[in-house]
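Chemist: As input, take query.csv (CSV, C-alpha atoms):
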chain,number,residue,atom,x,y,z
A,1389,MET,CA,0.0,0.0,0.0
A,1390,ALA,CA,1.7,3.2,-1.2
A,1391,GLY,CA,0.8,6.6,0.3
A,1392,GLY,CA,2.8,9.2,2.2
A,1393,GLY,CA,3.8,12.7,2.8
A,1394,THR,CA,0.7,14.0,4.7
A,1395,ALA,CA,-2.3,12.7,6.6
A,1396,GLY,CA,-4.3,13.1,3.3
A,1397,HIS,CA,-2.5,10.0,2.0
A,1398,THR,CA,-1.5,8.1,5.2
A,1399,SER,CA,-4.9,8.3,7.0
A,1400,PRO,CA,-6.9,6.5,4.3
A,1401,LEU,CA,-4.1,4.0,3.8
A,1402,LEU,CA,-4.2,3.0,7.5
A,1403,ALA,CA,-8.0,3.0,7.6
A,1404,THR,CA,-8.1,0.6,4.6
A,1405,ALA,CA,-5.3,-1.5,6.0
A,1406,ASP,CA,-7.4,-2.0,9.2
A,1407,ALA,CA,-10.5,-2.8,7.2
A,1408,LEU,CA,-8.6,-5.4,5.3
A,1409,ARG,CA,-7.5,-7.1,8.5
A,1410,ARG,CA,-11.1,-7.1,9.8
A,1411,LEU,CA,-12.3,-8.7,6.6
A,1412,ASP,CA,-9.5,-11.3,6.4
A,1413,SER,CA,-7.1,-11.7,9.3
A,1414,SER,CA,-4.6,-13.6,7.1
A,1415,VAL,CA,-3.9,-10.5,5.0
A,1416,GLU,CA,-0.3,-9.3,5.1
A,1417,ILE,CA,0.2,-5.6,4.6
A,1418,ILE,CA,3.4,-3.7,3.7
A,1419,ALA,CA,3.3,0.1,3.4
A,1420,MET,CA,5.5,2.0,1.0
A,1421,GLY,CA,6.5,5.6,1.8
A,1422,THR,CA,9.4,8.1,1.8
A,1423,ALA,CA,11.8,9.1,4.5
A,1424,ARG,CA,10.5,12.7,4.8
A,1425,GLY,CA,6.8,12.1,5.3
A,1426,LEU,CA,4.3,11.6,8.2
A,1427,GLU,CA,4.3,7.9,7.4
A,1428,THR,CA,7.7,7.3,9.1
A,1429,ARG,CA,5.9,7.9,12.4
A,1430,VAL,CA,2.2,6.9,12.0
A,1431,VAL,CA,2.7,3.6,10.0
A,1432,PRO,CA,5.0,1.9,12.5
A,1433,ALA,CA,2.8,3.2,15.3
A,1434,ALA,CA,-0.2,1.5,13.7
A,1435,GLY,CA,1.7,-1.8,13.6
A,1436,TYR,CA,2.5,-2.0,9.9
A,1437,GLN,CA,5.8,-2.6,8.2
A,1438,LEU,CA,7.1,0.4,6.2
A,1439,GLU,CA,9.4,0.3,3.2
A,1440,LEU,CA,11.0,3.5,2.0
A,1441,VAL,CA,11.7,4.6,-1.6
A,1442,PRO,CA,12.8,8.0,-2.9
A,1443,PRO,CA,10.1,10.6,-3.5
A,1444,VAL,CA,9.1,11.7,-7.0
A,1445,PRO,CA,7.9,15.4,-6.8
A,1446,LEU,CA,6.0,16.2,-10.0
A,1447,PRO,CA,6.1,19.9,-10.9
A,1448,ARG,CA,2.6,21.4,-11.5
A,1449,ARG,CA,4.1,23.7,-14.2
A,1450,PRO,CA,7.1,23.6,-16.5
A,1451,ASN,CA,10.2,24.8,-14.7
A,1452,ALA,CA,13.9,23.9,-14.2
A,1453,ASP,CA,13.0,21.2,-11.7
A,1454,LEU,CA,11.1,19.4,-14.5
A,1455,LEU,CA,14.4,18.5,-16.1
A,1456,ARG,CA,15.3,16.4,-13.0
A,1457,THR,CA,12.1,14.5,-13.0
A,1458,PRO,CA,13.0,11.6,-15.4
A,1459,GLY,CA,16.1,10.7,-13.3
A,1460,ARG,CA,14.1,10.8,-10.1
A,1461,VAL,CA,11.4,8.6,-11.6
A,1462,ARG,CA,14.0,6.0,-12.7
A,1463,ALA,CA,15.7,5.9,-9.3
A,1464,ALA,CA,12.4,5.6,-7.5
A,1465,ARG,CA,11.0,3.0,-9.8
A,1466,LYS,CA,14.2,0.9,-9.3
A,1467,ALA,CA,13.8,1.2,-5.5
A,1468,ALA,CA,10.1,0.3,-5.7
A,1469,LEU,CA,10.9,-2.8,-7.9
A,1470,GLU,CA,13.4,-3.9,-5.3
A,1471,VAL,CA,10.7,-3.8,-2.7
A,1472,VAL,CA,8.1,-5.5,-4.9
A,1473,ASP,CA,10.5,-8.3,-5.9
A,1474,ARG,CA,11.5,-8.9,-2.3
A,1475,VAL,CA,7.9,-8.8,-0.8
A,1476,ARG,CA,6.2,-10.4,-3.8
A,1477,PRO,CA,2.7,-8.8,-3.2
A,1478,ASP,CA,-0.5,-10.1,-4.8
A,1479,VAL,CA,-1.8,-6.5,-5.3
A,1480,VAL,CA,-0.6,-3.0,-5.1
A,1481,VAL,CA,-2.8,-0.2,-3.7
A,1482,GLY,CA,-2.0,3.5,-4.2
A,1483,PHE,CA,-3.4,6.6,-2.6
A,1484,GLY,CA,-1.6,9.2,-4.7
A,1485,GLY,CA,1.3,11.5,-3.8
A,1486,TYR,CA,5.0,11.3,-4.3
A,1487,VAL,CA,5.4,7.7,-3.4
A,1488,SER,CA,2.6,6.3,-5.5
A,1489,VAL,CA,4.3,7.0,-8.9
A,1490,PRO,CA,7.1,4.5,-8.4
A,1491,ALA,CA,4.7,2.0,-6.9
A,1492,TYR,CA,2.4,2.3,-9.9
A,1493,LEU,CA,5.3,1.9,-12.3
A,1494,ALA,CA,6.6,-1.2,-10.4
A,1495,ALA,CA,3.1,-2.8,-10.4
A,1496,ARG,CA,2.8,-2.2,-14.2
A,1497,THR,CA,6.3,-3.6,-14.8
A,1498,ARG,CA,5.6,-6.8,-12.8
A,1499,ARG,CA,2.0,-7.0,-14.2
A,1500,LEU,CA,0.5,-6.9,-10.7
A,1501,PRO,CA,-3.1,-6.0,-10.0
A,1502,LEU,CA,-3.4,-2.3,-9.1
A,1503,VAL,CA,-6.0,-0.4,-7.1
A,1504,VAL,CA,-6.0,3.4,-7.1
A,1505,HIS,CA,-7.8,5.6,-4.6
A,1506,GLU,CA,-8.1,9.4,-5.2
A,1507,GLY,CA,-8.7,11.4,-2.0
A,1508,ASN,CA,-9.5,14.8,-3.5
A,1509,ALA,CA,-12.3,16.0,-5.7
A,1510,LEU,CA,-9.6,17.1,-8.3
A,1511,PRO,CA,-7.2,14.2,-9.0
A,1512,GLY,CA,-3.5,14.7,-8.7
A,1513,LEU,CA,-0.9,13.8,-11.3
A,1514,ALA,CA,0.1,10.6,-9.6
A,1515,ASN,CA,-3.4,9.1,-9.7
A,1516,ARG,CA,-4.1,10.4,-13.2
A,1517,LEU,CA,-1.1,8.2,-14.2
A,1518,GLY,CA,-2.1,5.3,-12.0
A,1519,ALA,CA,-5.7,5.2,-13.3
A,1520,ARG,CA,-4.4,4.6,-16.8
A,1521,PHE,CA,-2.9,1.2,-15.6
A,1522,THR,CA,-6.0,-0.3,-14.0
A,1523,THR,CA,-9.8,-0.6,-14.0
A,1524,HIS,CA,-9.8,-0.7,-10.1
A,1525,VAL,CA,-10.2,3.1,-9.4
A,1526,ALA,CA,-12.1,4.5,-6.5
A,1527,THR,CA,-12.8,8.2,-5.6
A,1528,SER,CA,-13.8,10.1,-2.4
A,1529,PHE,CA,-16.1,12.6,-4.2
A,1530,PRO,CA,-18.8,11.9,-6.8
A,1531,ASP,CA,-17.6,14.2,-9.6
A,1532,THR,CA,-13.9,13.3,-9.7
A,1533,LYS,CA,-12.8,12.8,-13.3
A,1534,LEU,CA,-10.8,9.6,-13.6
A,1535,PRO,CA,-11.1,6.6,-16.0
A,1536,HIS,CA,-13.1,3.6,-14.5
A,1537,ALA,CA,-13.8,5.6,-11.4
A,1538,THR,CA,-16.2,4.3,-8.7
A,1539,TYR,CA,-17.4,6.7,-6.0
A,1540,ILE,CA,-17.1,5.2,-2.6
A,1541,GLY,CA,-16.0,8.0,-0.3
A,1542,LEU,CA,-12.8,8.4,1.7
A,1543,PRO,CA,-11.6,5.7,4.1
A,1544,ILE,CA,-11.4,7.2,7.6
A,1545,ARG,CA,-10.6,6.0,11.1
A,1546,ARG,CA,-13.3,3.8,12.8
A,1547,MET,CA,-13.2,6.0,15.9
A,1548,ILE,CA,-14.5,8.8,13.7
A,1549,ALA,CA,-16.8,6.8,11.4
A,1550,THR,CA,-18.6,5.3,14.4
A,1551,LEU,CA,-18.6,8.5,16.6
A,1552,ASP,CA,-21.6,9.4,18.7
A,1553,ARG,CA,-20.9,13.0,19.5
A,1554,GLY,CA,-23.7,13.3,22.0
A,1555,ALA,CA,-22.6,10.3,24.0
A,1556,LEU,CA,-19.0,11.5,24.3
A,1557,ARG,CA,-19.8,15.2,24.8
A,1558,ALA,CA,-19.4,15.4,28.6
A,1559,GLU,CA,-16.2,13.3,28.6
A,1560,ALA,CA,-14.8,15.4,25.8
A,1561,ARG,CA,-15.5,18.7,27.4
A,1562,ALA,CA,-14.0,17.5,30.7
A,1563,GLU,CA,-10.9,16.1,28.8
A,1564,PHE,CA,-10.1,19.6,27.4
A,1565,GLY,CA,-11.1,21.6,30.5
A,1566,LEU,CA,-14.1,23.2,28.7
A,1567,ASP,CA,-17.4,24.4,30.2
A,1568,PRO,CA,-19.9,21.5,29.9
A,1569,SER,CA,-22.7,23.8,28.6
A,1570,ALA,CA,-21.2,26.8,26.7
A,1571,PRO,CA,-21.2,26.9,22.9
A,1572,THR,CA,-17.9,25.6,21.6
A,1573,LEU,CA,-15.8,26.3,18.5
A,1574,LEU,CA,-13.1,23.8,17.4
A,1575,VAL,CA,-10.3,25.4,15.4
A,1576,THR,CA,-7.8,23.3,13.5
A,1577,GLY,CA,-5.5,23.8,10.5
A,1578,GLY,CA,-4.8,20.1,10.0
A,1579,SER,CA,-1.9,18.1,11.1
A,1580,GLN,CA,0.6,20.9,10.5
A,1581,GLY,CA,-1.6,23.8,11.6
A,1582,ALA,CA,-2.4,26.9,9.5
A,1583,GLY,CA,-0.8,30.3,10.1
A,1584,ARG,CA,-3.7,32.2,8.5
A,1585,ILE,CA,-6.3,30.6,10.7
A,1586,ASN,CA,-4.2,31.0,13.9
A,1587,THR,CA,-3.5,34.7,13.2
A,1588,ALA,CA,-7.2,35.5,12.6
A,1589,MET,CA,-8.2,33.6,15.8
A,1590,ARG,CA,-5.7,35.5,17.9
A,1591,GLY,CA,-7.1,38.8,16.8
A,1592,ALA,CA,-10.7,37.7,17.4
A,1593,ALA,CA,-10.3,35.9,20.7
A,1594,GLY,CA,-11.9,38.8,22.6
A,1595,ALA,CA,-15.1,38.6,20.5
A,1596,PHE,CA,-15.6,35.0,21.4
A,1597,ALA,CA,-15.1,35.7,25.1
A,1598,ALA,CA,-17.6,38.6,25.0
A,1599,ALA,CA,-20.2,36.3,23.3
A,1600,GLY,CA,-19.7,33.5,25.9
A,1601,VAL,CA,-18.3,31.2,23.2
A,1602,GLN,CA,-15.4,29.0,24.3
A,1603,VAL,CA,-12.7,27.8,21.9
A,1604,LEU,CA,-10.6,24.6,21.5
A,1605,HIS,CA,-7.8,25.8,19.2
A,1606,ILE,CA,-5.3,23.2,17.8
A,1607,ILE,CA,-2.6,25.4,16.5
A,1608,GLY,CA,-0.2,22.8,15.0
A,1609,PRO,CA,3.3,21.5,16.1
A,1610,ALA,CA,5.2,24.4,14.6
A,1611,PHE,CA,3.4,27.1,16.6
A,1612,ASP,CA,4.1,28.2,20.2
A,1613,VAL,CA,1.3,27.7,22.7
A,1614,ALA,CA,2.7,30.5,24.8
A,1615,ASP,CA,1.7,33.0,22.1
A,1616,TYR,CA,-2.0,32.1,22.8
A,1617,GLU,CA,-2.2,31.5,26.5
A,1618,ALA,CA,-3.2,35.0,27.6
A,1619,LEU,CA,-5.4,36.1,24.7
A,1620,VAL,CA,-8.4,36.8,27.0
A,1621,PRO,CA,-6.9,37.7,30.4
A,1622,GLY,CA,-9.4,37.6,33.3
A,1623,SER,CA,-12.1,36.0,31.2
A,1624,ALA,CA,-14.2,33.1,32.6
A,1625,VAL,CA,-14.8,31.8,29.1
A,1626,PRO,CA,-12.2,29.1,28.3
A,1627,TYR,CA,-9.8,29.5,25.3
A,1628,VAL,CA,-7.9,26.2,25.2
A,1629,VAL,CA,-4.9,25.8,23.1
A,1630,ARG,CA,-3.1,22.6,22.0
A,1631,ASN,CA,-0.3,21.9,19.6
A,1632,PHE,CA,-1.7,18.6,18.6
A,1633,VAL,CA,-4.6,16.3,19.6
A,1634,ASP,CA,-4.4,12.5,19.2
A,1635,ARG,CA,-8.1,12.0,20.1
A,1636,MET,CA,-9.9,13.9,17.4
A,1637,ASP,CA,-13.0,12.0,18.2
A,1638,LEU,CA,-13.1,13.9,21.5
A,1639,ALA,CA,-12.3,17.2,19.8
A,1640,TYR,CA,-15.3,16.7,17.5
A,1641,ALA,CA,-17.5,15.6,20.3
A,1642,ALA,CA,-16.7,18.7,22.3
A,1643,ALA,CA,-17.5,21.1,19.5
A,1644,ASP,CA,-20.7,22.7,18.2
A,1645,ALA,CA,-18.9,23.9,15.0
A,1646,VAL,CA,-15.5,23.9,13.5
A,1647,LEU,CA,-13.2,26.4,11.6
A,1648,CYS,CA,-10.8,24.4,9.4
A,1649,ARG,CA,-9.1,23.8,6.1
A,1650,CYS,CA,-10.8,21.5,3.7
A,1651,GLY,CA,-8.5,18.6,2.9
A,1652,SER,CA,-10.4,15.5,2.0
A,1653,ASN,CA,-9.9,13.9,5.4
A,1654,THR,CA,-11.2,16.9,7.2
A,1655,VAL,CA,-14.2,17.4,5.0
A,1656,THR,CA,-15.2,13.7,5.3
A,1657,GLU,CA,-14.7,13.5,9.0
A,1658,VAL,CA,-16.3,16.8,9.9
A,1659,SER,CA,-19.4,16.4,7.7
A,1660,GLY,CA,-19.7,12.7,8.6
A,1661,VAL,CA,-20.1,13.4,12.3
A,1662,GLY,CA,-22.6,16.2,11.5
A,1663,LEU,CA,-20.5,19.2,12.6
A,1664,PRO,CA,-21.3,22.6,11.0
A,1665,ALA,CA,-18.1,23.9,9.4
A,1666,VAL,CA,-16.5,27.1,8.2
A,1667,TYR,CA,-14.0,25.9,5.5
A,1668,VAL,CA,-10.9,27.9,4.6
A,1669,PRO,CA,-9.3,26.3,1.4
A,1670,LEU,CA,-5.5,26.2,1.3
A,1671,PRO,CA,-4.6,28.9,-1.3
A,1672,ILE,CA,-2.1,26.7,-3.2
A,1673,GLY,CA,-2.4,23.8,-5.6
A,1674,ASN,CA,-5.1,23.5,-8.2
A,1675,GLY,CA,-8.1,24.6,-6.1
A,1676,GLU,CA,-8.8,21.0,-5.0
A,1677,GLN,CA,-9.6,22.0,-1.4
A,1678,ALA,CA,-12.5,24.3,-2.3
A,1679,LEU,CA,-13.8,21.5,-4.6
A,1680,ASN,CA,-13.7,19.1,-1.7
A,1681,ALA,CA,-15.9,21.3,0.5
A,1682,LYS,CA,-18.3,22.2,-2.3
A,1683,PRO,CA,-20.9,19.4,-1.9
A,1684,VAL,CA,-21.2,20.2,1.9
A,1685,VAL,CA,-21.4,23.9,1.3
A,1686,ASP,CA,-23.9,23.5,-1.5
A,1687,ALA,CA,-26.1,21.3,0.8
A,1688,GLY,CA,-26.0,24.0,3.5
A,1689,GLY,CA,-23.7,22.1,5.9
A,1690,GLY,CA,-20.9,24.6,5.8
A,1691,LEU,CA,-19.6,28.1,4.8
A,1692,LEU,CA,-16.6,28.7,2.5
A,1693,VAL,CA,-14.3,31.7,3.1
A,1694,ALA,CA,-11.2,32.4,1.0
A,1695,ASP,CA,-7.9,32.3,2.8
A,1696,ASP,CA,-7.1,36.0,2.2
A,1697,ALA,CA,-10.6,37.0,3.4
A,1698,LEU,CA,-10.1,35.2,6.8
A,1699,ARG,CA,-9.2,38.1,8.9
A,1700,ALA,CA,-9.9,38.9,12.6
A,1701,ASP,CA,-12.6,41.3,11.8
A,1702,TRP,CA,-14.5,38.8,9.6
A,1703,VAL,CA,-14.1,36.1,12.3
A,1704,SER,CA,-15.3,38.5,15.0
A,1705,SER,CA,-18.4,39.6,13.1
A,1706,THR,CA,-19.4,36.2,11.8
A,1707,LEU,CA,-18.5,33.2,14.0
A,1708,PRO,CA,-19.6,34.3,17.5
A,1709,ALA,CA,-23.1,35.0,16.0
A,1710,LEU,CA,-23.1,31.5,14.4
A,1711,LEU,CA,-22.1,29.7,17.6
A,1712,THR,CA,-24.8,31.4,19.6
A,1713,ASP,CA,-27.6,30.5,17.1
A,1714,PRO,CA,-28.6,26.9,18.0
A,1715,ALA,CA,-31.3,26.6,15.4
A,1716,ARG,CA,-28.9,27.5,12.6
A,1717,LEU,CA,-26.2,25.1,13.9
A,1718,ARG,CA,-28.8,22.3,14.1
A,1719,ALA,CA,-29.8,22.9,10.5
A,1720,MET,CA,-26.3,23.0,9.2
A,1721,GLY,CA,-25.3,19.9,11.1
A,1722,ALA,CA,-28.3,18.0,9.7
A,1723,ALA,CA,-27.4,19.1,6.2
A,1724,ALA,CA,-23.8,17.9,6.6
A,1725,ALA,CA,-24.5,14.6,8.3
A,1726,ASP,CA,-24.6,11.5,6.1
A,1727,LEU,CA,-23.8,13.6,3.0
A,1728,ILE,CA,-20.5,11.7,2.5
A,1729,PRO,CA,-20.4,7.9,3.1
A,1730,LEU,CA,-18.5,6.7,6.1
A,1731,ASP,CA,-18.0,3.1,5.1
A,1732,ALA,CA,-15.4,3.7,2.4
A,1733,ASP,CA,-12.8,1.7,4.3
A,1734,GLU,CA,-14.6,-1.6,3.9
A,1735,LYS,CA,-15.7,-0.8,0.4
A,1736,LEU,CA,-12.1,-0.1,-0.7
A,1737,ALA,CA,-10.9,-3.2,1.2
A,1738,ARG,CA,-13.4,-5.3,-0.8
A,1739,ILE,CA,-12.2,-3.8,-4.1
A,1740,VAL,CA,-8.6,-4.7,-3.1
A,1741,LEU,CA,-9.6,-8.3,-2.2
A,1742,ASP,CA,-11.5,-8.6,-5.5
A,1743,ALA,CA,-8.5,-7.3,-7.5
A,1744,CYS,CA,-6.4,-9.8,-5.7
A,1745,ARG,CA,-8.6,-12.7,-6.8
What would you get if you wrote out this structure as structure tokens?
Modeler:
Amino acid sequence: MAGGGTAGHTSPLLATADALRRLDSSVEIIAMGTARGLETRVVPAAGYQLELVPPVPLPRRPNADLLRTPGRVRAARKAALEVVDRVRPDVVVGFGGYVSVPAYLAARTRRLPLVVHEGNALPGLANRLGARFTTHVATSFPDTKLPHATYIGLPIRRMIATLDRGALRAEARAEFGLDPSAPTLLVTGGSQGAGRINTAMRGAAGAFAAAGVQVLHIIGPAFDVADYEALVPGSAVPYVVRNFVDRMDLAYAAADAVLCRCGSNTVTEVSGVGLPAVYVPLPIGNGEQALNAKPVVDAGGGLLVADDALRADWVSSTLPALLTDPARLRAMGAAAADLIPLDADEKLARIVLDACR
């Protein structure tokens, strides 16, 4: 199973790996990644073997780096073939990103069954290549344009897919030191945090305290908690800051709404558990994050605000009012819930087993 770099590739890989083991305990799973990605930590921690190959960055536009791409592809393909020839897999599964290109080329060279899963609404270059080599192609969003594509949703962690927010609410609020009854905003910029979101929230912290809205703010590992600890001095309304949260099920259960990026994992998890969301697309790439959030926003389950429009004044004038409007929150949550399927892990696992056979 090839996927690495960020949680956008590693999370569905691990969710699918777990589903495969639930369906067939005899399945042996080897993950393929690179030395510079999140996979070096999360894959071994999940109990899976990790093999490393060189990454193959694919420039989005013609530039000087493009001239180095053929050499990188050859080196990475050779390394992937060495892994494939040693492991001798029955099937190769790819989730896109730098590591999937050599995995796809190795599978094609050895004529192995290949399964491709695309996490974003707009497919990346790696999966556009991989989809040409197989008829086993699955997507997270219904309108993703890939050959032979079947829409199944995005594989996510079982702790999220089966989450009962109401049942965990009291435990979750206590875990983070939050008021058990005050309206609560969860803020997260993803696994690495988001400077734009963090800056806007710092400037708007007083508006939340004045409205009686408490905040659970996950700032990311690269940011300093000390910069946020005294944002609302003397206020009885909690503003809780964490660099990272392992138990996102508790973070979701504690919240009444969320301010976040719109990577595919985030959109699937947030909408799946019925949380109203304010989505802020990452302003780089090909616009795939805005496309990820579009079905939820169109259904009324979320708001979309451009990265450069997310300023403290906008947050102050918009979000406290949303968090103190229970009827609107209920309507948004109902519109988001069940919009995106939460059983994609087992659906993709069955596709993998069928390809194997």
Chemist: Nearest to Ala1700 in chain A among A:Ile1548, A:Ala1509, A:Val1525, A:Ala1588, with distances taken over only C-alpha atoms: which residue is it?
Modeler: A:Ala1588
Chemist: Set the distance at 8 Å and use all atoms listed in the file: which residues neighbour Leu1408 in chain A once local chain neighbours fewer than 3 positions away are removed? I'd like the list as an MDAnalysis selection string.
Modeler: chainID A and resid 1404:1405 1411:1413 1415 1734 1737:1738
Chemist: Restricting the calculation to only C-alpha atoms: of A:Gly1651, A:Gly1594, A:Pro1490, A:Pro1568, which residue gets closest to Ser1399 in chain A?
Modeler: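 Ranking A:Gly1651, A:Gly1594, A:Pro1490, A:Pro1568 by distance to Ser1399 in chain A, first place goes to A:Gly1651.
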Chemist: Using all atoms listed in the file, pick whichever of A:Val1655, A:Met1547, A:Ala1694, A:Leu1493 has the shortest atom-to-atom distance to Gly1675 in chain A.
Modeler: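 Once distances to Gly1675 in chain A are computed over all atoms listed in the file, the minimum belongs to A:Ala1694.
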Chemist: Hey, what's within 10 Å of Pro1442 in chain A if we count all atoms listed in the file and toss same-chain stuff fewer than 3 positions away? As number ranges by chain, please?
Modeler: A: 1421-1424, 1445, 1460-1461, 1463-1468, 1486-1487, 1490
Chemist: Please list, as a list in words, the residues that have an atom at most 12 Å away from (-8.0, 33.4, -2.0) in the coordinates of this file, counting all atoms listed in the file.
Modeler: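 Those residues lying close to the given coordinates are Arg1584, Val1668, Pro1669, Leu1670, Pro1671, Ile1672, Gly1673, Gly1675, Gln1677, Ala1678, Leu1692, Val1693, Ala1694, Asp1695, Asp1696, Ala1697, Leu1698 and Arg1699 of chain A.
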Chemist: Between CA of Val1703 in chain A and CA of Thr1587 in chain A, measure the distance and give it in Å to one decimal.
Modeler: 10.7 Å
Chemist: Quick one: residues within 6 Å of range 1644-1649 of chain A, only C-alpha atoms counted, chain neighbours fewer than 4 positions away excluded, as a VMD selection string?
Modeler: chain A and resid 1572 to 1577 1663 to 1669
Chemist: Which is closest to Leu1401 in chain A among A:Asp1478, A:Asp1713, A:Glu1506, A:Glu1559, if we use all atoms listed in the file?
Modeler: A:Glu1506
Chemist: Using all atoms listed in the file, find the one residue out of A:Ala1562, A:Val1613, A:Ile1417, A:Met1720 that sits nearest to Ala1642 in chain A.
Modeler: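 Between A:Ala1562, A:Val1613, A:Ile1417, A:Met1720, the residue approaching Ala1642 in chain A most closely is A:Ala1562.
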Chemist: Quick one: pull the distance between CA of Asn1674 in chain A and CA of Leu1513 in chain A, Å, one decimal.
Modeler: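 Between CA of Asn1674 in chain A and CA of Leu1513 in chain A the gap is 11.0 Å.
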Chemist: Figure out the distance between CA of Val1684 in chain A and CA of His1536 in chain A, please, to one decimal in Å.
Modeler: 24.7 Å
Chemist: Looking at only C-alpha atoms, which of A:Phe1596, A:Tyr1627, A:Tyr1492, A:Phe1529 is the one that sits closest to Gly1565 in chain A?
Modeler: A:Tyr1627
